[in-house]
file protein.txt (compact mmCIF, N, CA and C atoms)
# COMPACT_ATOMS: atom_id res chain seq x y z
N MET A 524 61.02 10.08 51.38
CA MET A 524 61.41 11.16 50.48
C MET A 524 62.89 11.11 50.12
N THR A 525 63.72 10.56 50.97
CA THR A 525 65.16 10.56 50.69
C THR A 525 65.50 9.79 49.42
N PRO A 526 64.94 8.58 49.20
CA PRO A 526 65.22 7.90 47.93
C PRO A 526 64.71 8.69 46.72
N LEU A 527 63.54 9.30 46.84
CA LEU A 527 63.01 10.11 45.74
C LEU A 527 63.90 11.31 45.48
N LEU A 528 64.40 11.94 46.53
CA LEU A 528 65.34 13.05 46.39
C LEU A 528 66.59 12.61 45.65
N ALA A 529 67.15 11.48 46.05
CA ALA A 529 68.36 10.97 45.41
C ALA A 529 68.12 10.66 43.94
N VAL A 530 67.03 10.00 43.64
CA VAL A 530 66.73 9.66 42.24
C VAL A 530 66.51 10.93 41.42
N GLY A 531 65.76 11.87 41.97
CA GLY A 531 65.49 13.11 41.25
C GLY A 531 66.75 13.92 40.96
N VAL A 532 67.57 14.11 41.97
CA VAL A 532 68.79 14.91 41.79
C VAL A 532 69.78 14.19 40.88
N LEU A 533 69.94 12.89 41.06
CA LEU A 533 70.85 12.14 40.18
C LEU A 533 70.35 12.12 38.74
N GLY A 534 69.05 12.03 38.56
CA GLY A 534 68.49 12.06 37.21
C GLY A 534 68.72 13.40 36.52
N ILE A 535 68.53 14.47 37.25
CA ILE A 535 68.77 15.80 36.69
C ILE A 535 70.25 15.99 36.38
N ALA A 536 71.11 15.57 37.29
CA ALA A 536 72.55 15.67 37.06
C ALA A 536 72.97 14.85 35.84
N ALA A 537 72.39 13.67 35.69
CA ALA A 537 72.70 12.82 34.52
C ALA A 537 72.23 13.48 33.24
N LEU A 538 71.06 14.11 33.26
CA LEU A 538 70.57 14.82 32.07
C LEU A 538 71.50 15.97 31.71
N GLY A 539 71.95 16.72 32.70
CA GLY A 539 72.90 17.80 32.44
C GLY A 539 74.22 17.29 31.90
N ALA A 540 74.72 16.20 32.46
CA ALA A 540 75.97 15.60 31.97
C ALA A 540 75.81 15.12 30.53
N TYR A 541 74.67 14.52 30.24
CA TYR A 541 74.40 14.04 28.89
C TYR A 541 74.38 15.21 27.89
N LYS A 542 73.73 16.29 28.26
CA LYS A 542 73.67 17.46 27.37
C LYS A 542 75.07 18.02 27.11
N MET A 543 75.89 18.09 28.16
CA MET A 543 77.26 18.58 27.97
C MET A 543 78.07 17.61 27.12
N TRP A 544 77.92 16.32 27.34
CA TRP A 544 78.63 15.31 26.58
C TRP A 544 78.26 15.38 25.10
N ARG A 545 77.01 15.73 24.81
CA ARG A 545 76.54 15.83 23.43
C ARG A 545 76.90 17.18 22.80
N GLY A 546 77.59 18.04 23.52
CA GLY A 546 78.09 19.27 22.94
C GLY A 546 77.24 20.51 23.16
N ALA A 547 76.35 20.49 24.15
CA ALA A 547 75.55 21.68 24.43
C ALA A 547 76.46 22.79 24.94
N HIS A 548 76.06 24.02 24.70
CA HIS A 548 76.84 25.16 25.13
C HIS A 548 76.71 25.34 26.65
N PHE A 549 77.82 25.60 27.30
CA PHE A 549 77.87 25.75 28.75
C PHE A 549 76.87 26.79 29.26
N SER A 550 76.77 27.91 28.57
CA SER A 550 75.88 28.98 29.03
C SER A 550 74.41 28.61 28.92
N ALA A 551 74.08 27.60 28.12
CA ALA A 551 72.70 27.12 28.04
C ALA A 551 72.41 26.09 29.12
N VAL A 552 73.43 25.31 29.48
CA VAL A 552 73.22 24.22 30.43
C VAL A 552 73.39 24.68 31.88
N PHE A 553 74.43 25.44 32.17
CA PHE A 553 74.79 25.72 33.56
C PHE A 553 73.69 26.38 34.38
N PRO A 554 73.11 27.52 33.96
CA PRO A 554 72.08 28.12 34.81
C PRO A 554 70.84 27.24 34.93
N THR A 555 70.48 26.58 33.84
CA THR A 555 69.29 25.72 33.85
C THR A 555 69.51 24.52 34.77
N LEU A 556 70.65 23.88 34.62
CA LEU A 556 70.97 22.73 35.46
C LEU A 556 71.08 23.13 36.92
N SER A 557 71.71 24.25 37.20
CA SER A 557 71.86 24.71 38.58
C SER A 557 70.50 24.96 39.24
N LEU A 558 69.63 25.68 38.53
CA LEU A 558 68.32 25.97 39.09
C LEU A 558 67.48 24.70 39.21
N ALA A 559 67.60 23.79 38.25
CA ALA A 559 66.85 22.53 38.32
C ALA A 559 67.29 21.71 39.53
N LEU A 560 68.59 21.64 39.77
CA LEU A 560 69.09 20.88 40.92
C LEU A 560 68.64 21.49 42.24
N VAL A 561 68.74 22.81 42.35
CA VAL A 561 68.34 23.47 43.59
C VAL A 561 66.83 23.33 43.81
N ALA A 562 66.05 23.57 42.77
CA ALA A 562 64.59 23.47 42.90
C ALA A 562 64.16 22.04 43.23
N ALA A 563 64.80 21.06 42.61
CA ALA A 563 64.46 19.66 42.92
C ALA A 563 64.85 19.32 44.35
N PHE A 564 66.01 19.78 44.78
CA PHE A 564 66.43 19.53 46.15
C PHE A 564 65.42 20.10 47.14
N ILE A 565 64.95 21.29 46.89
CA ILE A 565 63.99 21.92 47.80
C ILE A 565 62.64 21.22 47.73
N ALA A 566 62.15 20.96 46.52
CA ALA A 566 60.82 20.38 46.35
C ALA A 566 60.76 18.93 46.86
N LEU A 567 61.84 18.19 46.73
CA LEU A 567 61.84 16.78 47.11
C LEU A 567 62.39 16.52 48.52
N ASN A 568 62.83 17.55 49.19
CA ASN A 568 63.42 17.39 50.51
C ASN A 568 62.31 17.29 51.56
N LYS A 569 62.51 16.44 52.54
CA LYS A 569 61.51 16.30 53.60
C LYS A 569 61.57 17.43 54.61
N VAL A 570 62.64 18.21 54.59
CA VAL A 570 62.78 19.36 55.49
C VAL A 570 62.51 20.61 54.65
N GLY A 571 61.50 21.35 55.00
CA GLY A 571 61.13 22.53 54.23
C GLY A 571 61.65 23.82 54.83
N SER A 572 62.93 23.90 55.05
CA SER A 572 63.52 25.06 55.70
C SER A 572 63.37 26.32 54.84
N PRO A 573 62.95 27.43 55.43
CA PRO A 573 62.79 28.66 54.65
C PRO A 573 64.11 29.20 54.09
N GLN A 574 65.22 28.86 54.72
CA GLN A 574 66.51 29.33 54.24
C GLN A 574 66.83 28.76 52.86
N TYR A 575 66.26 27.62 52.52
CA TYR A 575 66.53 27.00 51.22
C TYR A 575 66.08 27.89 50.07
N MET A 576 65.07 28.72 50.29
CA MET A 576 64.55 29.55 49.20
C MET A 576 65.60 30.54 48.69
N VAL A 577 66.52 30.93 49.56
CA VAL A 577 67.59 31.85 49.14
C VAL A 577 68.48 31.18 48.08
N TRP A 578 68.61 29.87 48.16
CA TRP A 578 69.45 29.14 47.21
C TRP A 578 68.98 29.31 45.77
N LEU A 579 67.69 29.57 45.58
CA LEU A 579 67.15 29.75 44.23
C LEU A 579 67.73 30.99 43.55
N SER A 580 68.13 31.96 44.33
CA SER A 580 68.57 33.24 43.76
C SER A 580 69.89 33.15 43.01
N VAL A 581 70.82 32.31 43.46
CA VAL A 581 72.15 32.28 42.85
C VAL A 581 72.11 31.81 41.39
N PRO A 582 71.53 30.64 41.08
CA PRO A 582 71.48 30.27 39.66
C PRO A 582 70.61 31.22 38.84
N LEU A 583 69.61 31.81 39.49
CA LEU A 583 68.74 32.73 38.77
C LEU A 583 69.46 34.02 38.40
N VAL A 584 70.32 34.52 39.27
CA VAL A 584 71.10 35.72 38.95
C VAL A 584 72.02 35.44 37.76
N ILE A 585 72.66 34.28 37.76
CA ILE A 585 73.52 33.90 36.62
C ILE A 585 72.69 33.83 35.35
N ALA A 586 71.53 33.21 35.43
CA ALA A 586 70.66 33.09 34.26
C ALA A 586 70.21 34.46 33.75
N LEU A 587 69.87 35.36 34.66
CA LEU A 587 69.43 36.69 34.26
C LEU A 587 70.56 37.49 33.62
N VAL A 588 71.78 37.30 34.08
CA VAL A 588 72.92 37.98 33.46
C VAL A 588 73.11 37.47 32.03
N LEU A 589 72.94 36.18 31.82
CA LEU A 589 73.17 35.59 30.50
C LEU A 589 72.02 35.86 29.52
N ASP A 590 70.78 35.83 30.01
CA ASP A 590 69.64 35.99 29.12
C ASP A 590 68.43 36.51 29.91
N ARG A 591 68.40 37.80 30.11
CA ARG A 591 67.37 38.42 30.94
C ARG A 591 65.96 38.19 30.42
N LYS A 592 65.79 38.22 29.11
CA LYS A 592 64.46 38.11 28.53
C LYS A 592 63.82 36.74 28.79
N ARG A 593 64.56 35.68 28.57
CA ARG A 593 64.02 34.32 28.75
C ARG A 593 63.85 33.92 30.21
N TRP A 594 64.59 34.55 31.10
CA TRP A 594 64.55 34.16 32.50
C TRP A 594 63.71 35.11 33.35
N PHE A 595 63.03 36.06 32.73
CA PHE A 595 62.20 37.00 33.49
C PHE A 595 61.05 36.30 34.20
N GLY A 596 60.38 35.39 33.52
CA GLY A 596 59.25 34.65 34.12
C GLY A 596 59.66 33.84 35.34
N PRO A 597 60.71 33.01 35.21
CA PRO A 597 61.16 32.29 36.40
C PRO A 597 61.61 33.21 37.53
N ALA A 598 62.18 34.37 37.18
CA ALA A 598 62.58 35.32 38.23
C ALA A 598 61.36 35.82 39.00
N VAL A 599 60.28 36.09 38.29
CA VAL A 599 59.05 36.52 38.96
C VAL A 599 58.51 35.40 39.85
N LEU A 600 58.56 34.16 39.37
CA LEU A 600 58.12 33.02 40.19
C LEU A 600 58.95 32.90 41.47
N VAL A 601 60.25 33.05 41.34
CA VAL A 601 61.12 32.94 42.51
C VAL A 601 60.86 34.10 43.48
N LEU A 602 60.58 35.28 42.97
CA LEU A 602 60.20 36.39 43.86
C LEU A 602 58.90 36.08 44.59
N ALA A 603 57.95 35.46 43.90
CA ALA A 603 56.69 35.08 44.55
C ALA A 603 56.94 34.02 45.63
N ILE A 604 57.84 33.07 45.33
CA ILE A 604 58.19 32.05 46.32
C ILE A 604 58.83 32.70 47.54
N ALA A 605 59.74 33.63 47.31
CA ALA A 605 60.40 34.32 48.43
C ALA A 605 59.40 35.15 49.22
N GLY A 606 58.49 35.82 48.53
CA GLY A 606 57.48 36.62 49.22
C GLY A 606 56.55 35.76 50.07
N ALA A 607 56.13 34.63 49.53
CA ALA A 607 55.26 33.73 50.29
C ALA A 607 55.99 33.17 51.50
N THR A 608 57.26 32.85 51.34
CA THR A 608 58.06 32.34 52.46
C THR A 608 58.20 33.42 53.53
N GLN A 609 58.40 34.65 53.11
CA GLN A 609 58.53 35.77 54.06
C GLN A 609 57.23 35.99 54.83
N ILE A 610 56.11 35.80 54.17
CA ILE A 610 54.82 35.95 54.87
C ILE A 610 54.67 34.86 55.93
N ILE A 611 55.01 33.64 55.57
CA ILE A 611 54.80 32.51 56.49
C ILE A 611 55.70 32.60 57.70
N TYR A 612 56.98 32.64 57.49
CA TYR A 612 57.89 32.35 58.61
C TYR A 612 58.05 33.47 59.63
N PRO A 613 58.19 34.69 59.29
CA PRO A 613 58.24 35.60 60.44
C PRO A 613 56.86 36.06 60.90
N MET A 614 55.86 35.96 60.03
CA MET A 614 54.59 36.61 60.36
C MET A 614 53.50 35.67 60.88
N VAL A 615 53.23 34.59 60.17
CA VAL A 615 52.07 33.77 60.52
C VAL A 615 52.44 32.30 60.77
N TYR A 616 53.66 32.05 61.18
CA TYR A 616 54.10 30.68 61.38
C TYR A 616 53.27 29.96 62.44
N PHE A 617 52.97 30.63 63.54
CA PHE A 617 52.20 29.98 64.60
C PHE A 617 50.76 29.71 64.16
N ASP A 618 50.23 30.54 63.28
CA ASP A 618 48.92 30.26 62.70
C ASP A 618 48.97 29.04 61.79
N LEU A 619 50.11 28.84 61.14
CA LEU A 619 50.29 27.65 60.31
C LEU A 619 50.30 26.39 61.15
N LEU A 620 50.88 26.47 62.34
CA LEU A 620 50.94 25.30 63.23
C LEU A 620 49.56 24.83 63.67
N VAL A 621 48.61 25.74 63.74
CA VAL A 621 47.24 25.35 64.10
C VAL A 621 46.34 25.27 62.86
N ALA A 622 46.96 25.33 61.69
CA ALA A 622 46.28 25.13 60.39
C ALA A 622 45.16 26.12 60.11
N LEU A 623 45.41 27.38 60.38
CA LEU A 623 44.46 28.41 59.96
C LEU A 623 44.50 28.53 58.44
N PRO A 624 43.40 28.89 57.81
CA PRO A 624 43.33 28.84 56.34
C PRO A 624 44.35 29.72 55.61
N PHE A 625 44.55 30.95 56.02
CA PHE A 625 45.44 31.84 55.28
C PHE A 625 46.86 31.31 55.15
N PRO A 626 47.53 30.95 56.25
CA PRO A 626 48.89 30.44 56.09
C PRO A 626 48.95 29.11 55.34
N VAL A 627 47.92 28.29 55.48
CA VAL A 627 47.89 27.02 54.75
C VAL A 627 47.81 27.27 53.24
N VAL A 628 46.99 28.23 52.85
CA VAL A 628 46.89 28.57 51.42
C VAL A 628 48.21 29.15 50.92
N VAL A 629 48.82 30.04 51.70
CA VAL A 629 50.07 30.67 51.27
C VAL A 629 51.17 29.63 51.09
N ILE A 630 51.31 28.73 52.05
CA ILE A 630 52.39 27.74 51.94
C ILE A 630 52.09 26.71 50.85
N THR A 631 50.82 26.44 50.62
CA THR A 631 50.45 25.52 49.53
C THR A 631 50.77 26.14 48.17
N VAL A 632 50.44 27.41 48.00
CA VAL A 632 50.77 28.11 46.75
C VAL A 632 52.28 28.17 46.56
N ARG A 633 53.01 28.46 47.63
CA ARG A 633 54.47 28.50 47.55
C ARG A 633 55.03 27.15 47.12
N ASN A 634 54.53 26.08 47.69
CA ASN A 634 55.02 24.75 47.35
C ASN A 634 54.66 24.37 45.91
N ILE A 635 53.50 24.76 45.46
CA ILE A 635 53.12 24.52 44.07
C ILE A 635 54.06 25.28 43.13
N LEU A 636 54.38 26.52 43.47
CA LEU A 636 55.32 27.30 42.66
C LEU A 636 56.71 26.68 42.64
N LEU A 637 57.12 26.08 43.74
CA LEU A 637 58.40 25.38 43.77
C LEU A 637 58.41 24.20 42.81
N VAL A 638 57.33 23.45 42.79
CA VAL A 638 57.23 22.32 41.86
C VAL A 638 57.19 22.83 40.42
N VAL A 639 56.47 23.92 40.19
CA VAL A 639 56.40 24.50 38.84
C VAL A 639 57.79 24.91 38.36
N ILE A 640 58.56 25.59 39.19
CA ILE A 640 59.90 26.02 38.78
C ILE A 640 60.81 24.82 38.58
N ALA A 641 60.66 23.78 39.38
CA ALA A 641 61.47 22.56 39.22
C ALA A 641 61.13 21.88 37.90
N VAL A 642 59.87 21.70 37.62
CA VAL A 642 59.46 21.04 36.36
C VAL A 642 59.85 21.89 35.16
N TRP A 643 59.65 23.20 35.25
CA TRP A 643 59.99 24.09 34.13
C TRP A 643 61.47 23.99 33.79
N THR A 644 62.33 23.99 34.83
CA THR A 644 63.76 23.94 34.54
C THR A 644 64.20 22.59 34.00
N VAL A 645 63.58 21.52 34.46
CA VAL A 645 63.93 20.19 33.92
C VAL A 645 63.51 20.11 32.45
N VAL A 646 62.33 20.60 32.13
CA VAL A 646 61.88 20.61 30.73
C VAL A 646 62.80 21.50 29.89
N LYS A 647 63.16 22.66 30.42
CA LYS A 647 64.08 23.55 29.70
C LYS A 647 65.44 22.88 29.49
N LEU A 648 65.93 22.16 30.49
CA LEU A 648 67.19 21.44 30.36
C LEU A 648 67.08 20.34 29.30
N ALA A 649 65.98 19.63 29.29
CA ALA A 649 65.78 18.57 28.29
C ALA A 649 65.73 19.14 26.87
N ARG A 650 65.30 20.38 26.73
CA ARG A 650 65.19 21.00 25.40
C ARG A 650 66.45 21.76 24.95
N VAL A 651 67.47 21.79 25.79
CA VAL A 651 68.71 22.47 25.40
C VAL A 651 69.26 21.78 24.17
N ARG A 652 69.58 22.58 23.17
CA ARG A 652 70.11 22.04 21.92
C ARG A 652 71.56 21.63 22.09
N THR A 653 71.89 20.53 21.47
CA THR A 653 73.26 20.05 21.52
C THR A 653 73.91 20.24 20.16
N ARG A 654 75.21 20.10 20.12
CA ARG A 654 75.94 20.28 18.87
C ARG A 654 75.43 19.31 17.80
N SER A 655 75.11 18.09 18.19
CA SER A 655 74.64 17.11 17.20
C SER A 655 73.29 17.52 16.62
N SER A 656 72.45 18.24 17.38
CA SER A 656 71.17 18.68 16.83
C SER A 656 71.35 19.85 15.87
N PHE A 657 72.49 20.56 15.95
CA PHE A 657 72.76 21.65 15.02
C PHE A 657 73.29 21.12 13.69
N THR A 658 73.99 19.99 13.72
CA THR A 658 74.67 19.52 12.52
C THR A 658 73.94 18.41 11.78
N ARG A 659 72.76 18.05 12.23
CA ARG A 659 72.03 17.00 11.54
C ARG A 659 71.62 17.45 10.16
N THR A 660 71.76 16.56 9.24
CA THR A 660 71.31 16.83 7.88
C THR A 660 70.24 15.80 7.54
N PRO A 661 69.26 16.21 6.76
CA PRO A 661 68.21 15.25 6.42
C PRO A 661 68.77 14.16 5.51
N HIS A 662 68.22 12.99 5.68
CA HIS A 662 68.63 11.88 4.82
C HIS A 662 67.95 12.03 3.47
N VAL A 663 68.73 11.87 2.45
CA VAL A 663 68.22 12.01 1.09
C VAL A 663 68.28 10.65 0.42
N LEU A 664 67.15 10.26 -0.13
CA LEU A 664 67.12 9.00 -0.85
C LEU A 664 67.69 9.22 -2.25
N THR A 665 68.59 8.35 -2.63
CA THR A 665 69.15 8.45 -3.98
C THR A 665 68.70 7.24 -4.79
N ALA A 666 68.52 7.48 -6.05
CA ALA A 666 68.07 6.40 -6.92
C ALA A 666 69.22 5.68 -7.55
call {"tool": "encode", "arguments": {"input": "protein.txt", "output": "structure tokens"}}
result
Amino acid sequence: MTPLLAVGVLGIAALGAYKMWRGAHFSAVFPTLSLALVAAFIALNKVGSPQYMVWLSVPLVIALVLDRKRWFGPAVLVLAIAGATQIIYPMVYFDLLVALPFPVVVITVRNILLVVIAVWTVVKLARVRTRSSFTRTPHVLTA
């Protein structure tokens, strides 16, 4: 997993750098890039520490301050991730160790939501408009 983690995080960082180099607005790139990096780090890390879920909140708070309407869905997903983590670790962790169905389902759903938020933010980062996409003019054929 370590090479995959390195490739994933470096790829996301390179995409963010490319968007900034092409003239994307900082407020469009920063929260998206931050959340994408954190989500990828958590999803691709071989250590699934529950403390990592708190890291999702910082870029999300910044994103909500900048654009509450567009970031409401991801905020709900992150709350679901935090809730599922809270259920597992203080409450049913020992049941998870013996693979009882309820904690296995909860942690599986949580991990799927982590991948969903990671993919969503990478796609959102890839779709960030750059200055060059604002100034393009159609080519006109002249006779």
call {"tool": "select_by_dssp", "arguments": {"input": "protein.txt", "residues": "stretch 525-624 of chain A", "states": "alpha helix (DSSP H)", "output": "ChimeraX atom specification"}}
result
/A:525-544,549-567,575-578,580-589,591-609,616-620,624
call {"tool": "atom_distance", "arguments": {"input": "protein.txt", "atom1": "atom CA of A:Ala536", "atom2": "atom CA of A:Ile565"}}
result
15.1 Å
call {"tool": "residues_around", "arguments": {"input": "protein.txt", "residues": "A:Lys569", "least_positions_apart": "3", "cutoff": "10 Å", "atoms": "only C-alpha atoms", "output": "list in words"}}
result
Met524, Thr525, Leu528, Phe564, Ile565, Ala566 and Ser572 of chain A
call {"tool": "residues_around", "arguments": {"input": "protein.txt", "residues": "A:Gly546", "least_positions_apart": "3", "cutoff": "7 Å", "atoms": "only N, CA and C atoms", "output": "ChimeraX atom specification"}}
result
/A:541-543,549,652-655
call {"tool": "axis_aligned_box", "arguments": {"input": "protein.txt", "around": "stretch 636-651 of chain A", "padding_each_side": "5 Å", "output": "AutoDock Vina command-line options"}}
result
--center_x 61.8 --center_y 22.9 --center_z 34.0 --size_x 24.9 --size_y 18.7 --size_z 29.6
call {"tool": "atom_distance", "arguments": {"input": "protein.txt", "atom1": "atom CA of A:His548", "atom2": "atom CA of A:Leu560"}}
result
18.1 Å
call {"tool": "atom_distance", "arguments": {"input": "protein.txt", "atom1": "atom C of A:Pro526", "atom2": "atom N of A:Arg633"}}
result
23.0 Å
call {"tool": "residues_around", "arguments": {"input": "protein.txt", "residues": "A:Leu589", "least_positions_apart": "3", "cutoff": "8 Å", "atoms": "only C-alpha atoms", "output": "ChimeraX atom specification"}}
result
/A:550,585-586
call {"tool": "residues_near_point", "arguments": {"input": "protein.txt", "point": "(58.5, 29.4, 44.5)", "cutoff": "7 Å", "atoms": "all atoms listed in the file", "output": "list in words"}}
result
Leu600, Val601, Leu602, Ala603, Ile604, Ala605, Val632, Arg633, Asn634, Ile635, Leu636, Leu637, Val638 and Ile640 of chain A
call {"tool": "closest_residue", "arguments": {"input": "protein.txt", "among": "A:Pro573, A:Pro554, A:Gly539, A:Gly534", "to": "A:Trp594", "atoms": "only C-alpha atoms"}}
result
A:Pro554
call {"tool": "closest_residue", "arguments": {"input": "protein.txt", "among": "A:Val629, A:Leu567, A:Ala598, A:Leu556", "to": "A:Thr644", "atoms": "all atoms listed in the file"}}
result
A:Leu556
call {"tool": "residues_around", "arguments": {"input": "protein.txt", "residues": "A:Tyr616", "least_positions_apart": "2", "cutoff": "12 Å", "atoms": "only C-alpha atoms", "output": "count of residues only"}}
result
20
call {"tool": "decode", "arguments": {"input": "protein.txt", "residues": "stretch 562-571 of chain A", "atoms": "all heavy atoms", "output": "PDB file, in the first residue's frame"}}
result
ATOM      1  N   ALA A 562      -8.286  12.709   2.208  1.00  0.00           N
ATOM      2  CA  ALA A 562      -9.102  11.512   1.946  1.00  0.00           C
ATOM      3  C   ALA A 562      -8.271  10.414   1.285  1.00  0.00           C
ATOM      4  O   ALA A 562      -8.410   9.234   1.620  1.00  0.00           O
ATOM      5  CB  ALA A 562     -10.304  11.878   1.084  1.00  0.00           C
ATOM      6  N   ALA A 563      -7.405  10.790   0.350  1.00  0.00           N
ATOM      7  CA  ALA A 563      -6.546   9.789  -0.293  1.00  0.00           C
ATOM      8  C   ALA A 563      -5.566   9.192   0.706  1.00  0.00           C
ATOM      9  O   ALA A 563      -5.328   7.981   0.699  1.00  0.00           O
ATOM     10  CB  ALA A 563      -5.796  10.418  -1.462  1.00  0.00           C
ATOM     11  N   PHE A 564      -4.998  10.032   1.554  1.00  0.00           N
ATOM     12  CA  PHE A 564      -4.081   9.524   2.572  1.00  0.00           C
ATOM     13  C   PHE A 564      -4.779   8.501   3.467  1.00  0.00           C
ATOM     14  O   PHE A 564      -4.223   7.448   3.772  1.00  0.00           O
ATOM     15  CB  PHE A 564      -3.518  10.663   3.424  1.00  0.00           C
ATOM     16  CG  PHE A 564      -2.634  10.167   4.533  1.00  0.00           C
ATOM     17  CD1 PHE A 564      -1.319   9.824   4.280  1.00  0.00           C
ATOM     18  CD2 PHE A 564      -3.131  10.023   5.814  1.00  0.00           C
ATOM     19  CE1 PHE A 564      -0.503   9.338   5.313  1.00  0.00           C
ATOM     20  CE2 PHE A 564      -2.330   9.545   6.843  1.00  0.00           C
ATOM     21  CZ  PHE A 564      -1.007   9.203   6.583  1.00  0.00           C
ATOM     22  N   ILE A 565      -5.989   8.789   3.873  1.00  0.00           N
ATOM     23  CA  ILE A 565      -6.712   7.878   4.755  1.00  0.00           C
ATOM     24  C   ILE A 565      -7.111   6.607   4.007  1.00  0.00           C
ATOM     25  O   ILE A 565      -6.927   5.495   4.494  1.00  0.00           O
ATOM     26  CB  ILE A 565      -7.955   8.565   5.362  1.00  0.00           C
ATOM     27  CG1 ILE A 565      -7.531   9.719   6.264  1.00  0.00           C
ATOM     28  CG2 ILE A 565      -8.791   7.566   6.143  1.00  0.00           C
ATOM     29  CD1 ILE A 565      -8.678  10.608   6.696  1.00  0.00           C
ATOM     30  N   ALA A 566      -7.663   6.765   2.805  1.00  0.00           N
ATOM     31  CA  ALA A 566      -8.162   5.613   2.053  1.00  0.00           C
ATOM     32  C   ALA A 566      -7.033   4.689   1.592  1.00  0.00           C
ATOM     33  O   ALA A 566      -7.219   3.476   1.505  1.00  0.00           O
ATOM     34  CB  ALA A 566      -8.969   6.091   0.848  1.00  0.00           C
ATOM     35  N   LEU A 567      -5.875   5.245   1.279  1.00  0.00           N
ATOM     36  CA  LEU A 567      -4.772   4.443   0.751  1.00  0.00           C
ATOM     37  C   LEU A 567      -3.755   4.022   1.815  1.00  0.00           C
ATOM     38  O   LEU A 567      -2.798   3.310   1.503  1.00  0.00           O
ATOM     39  CB  LEU A 567      -4.057   5.217  -0.360  1.00  0.00           C
ATOM     40  CG  LEU A 567      -4.911   5.575  -1.568  1.00  0.00           C
ATOM     41  CD1 LEU A 567      -4.128   6.452  -2.534  1.00  0.00           C
ATOM     42  CD2 LEU A 567      -5.432   4.324  -2.255  1.00  0.00           C
ATOM     43  N   ASN A 568      -3.954   4.436   3.040  1.00  0.00           N
ATOM     44  CA  ASN A 568      -3.014   4.123   4.105  1.00  0.00           C
ATOM     45  C   ASN A 568      -3.283   2.719   4.635  1.00  0.00           C
ATOM     46  O   ASN A 568      -4.432   2.313   4.778  1.00  0.00           O
ATOM     47  CB  ASN A 568      -3.165   5.146   5.241  1.00  0.00           C
ATOM     48  CG  ASN A 568      -1.989   5.170   6.158  1.00  0.00           C
ATOM     49  OD1 ASN A 568      -1.319   4.167   6.362  1.00  0.00           O
ATOM     50  ND2 ASN A 568      -1.728   6.336   6.718  1.00  0.00           N
ATOM     51  N   LYS A 569      -2.231   2.000   4.941  1.00  0.00           N
ATOM     52  CA  LYS A 569      -2.403   0.646   5.476  1.00  0.00           C
ATOM     53  C   LYS A 569      -2.796   0.650   6.946  1.00  0.00           C
ATOM     54  O   LYS A 569      -3.227  -0.362   7.476  1.00  0.00           O
ATOM     55  CB  LYS A 569      -1.148  -0.187   5.239  1.00  0.00           C
ATOM     56  CG  LYS A 569       0.093   0.346   5.899  1.00  0.00           C
ATOM     57  CD  LYS A 569       1.305  -0.464   5.490  1.00  0.00           C
ATOM     58  CE  LYS A 569       2.562   0.243   5.964  1.00  0.00           C
ATOM     59  NZ  LYS A 569       3.732  -0.248   5.296  1.00  0.00           N
ATOM     60  N   VAL A 570      -2.658   1.786   7.616  1.00  0.00           N
ATOM     61  CA  VAL A 570      -3.057   1.916   9.019  1.00  0.00           C
ATOM     62  C   VAL A 570      -4.381   2.677   9.038  1.00  0.00           C
ATOM     63  O   VAL A 570      -4.449   3.810   8.596  1.00  0.00           O
ATOM     64  CB  VAL A 570      -1.988   2.694   9.831  1.00  0.00           C
ATOM     65  CG1 VAL A 570      -2.443   2.874  11.267  1.00  0.00           C
ATOM     66  CG2 VAL A 570      -0.656   1.990   9.748  1.00  0.00           C
ATOM     67  N   GLY A 571      -5.410   2.061   9.540  1.00  0.00           N
ATOM     68  CA  GLY A 571      -6.726   2.689   9.541  1.00  0.00           C
ATOM     69  C   GLY A 571      -7.070   3.311  10.879  1.00  0.00           C
ATOM     70  O   GLY A 571      -8.096   3.002  11.465  1.00  0.00           O
TER      71      GLY A 571
END
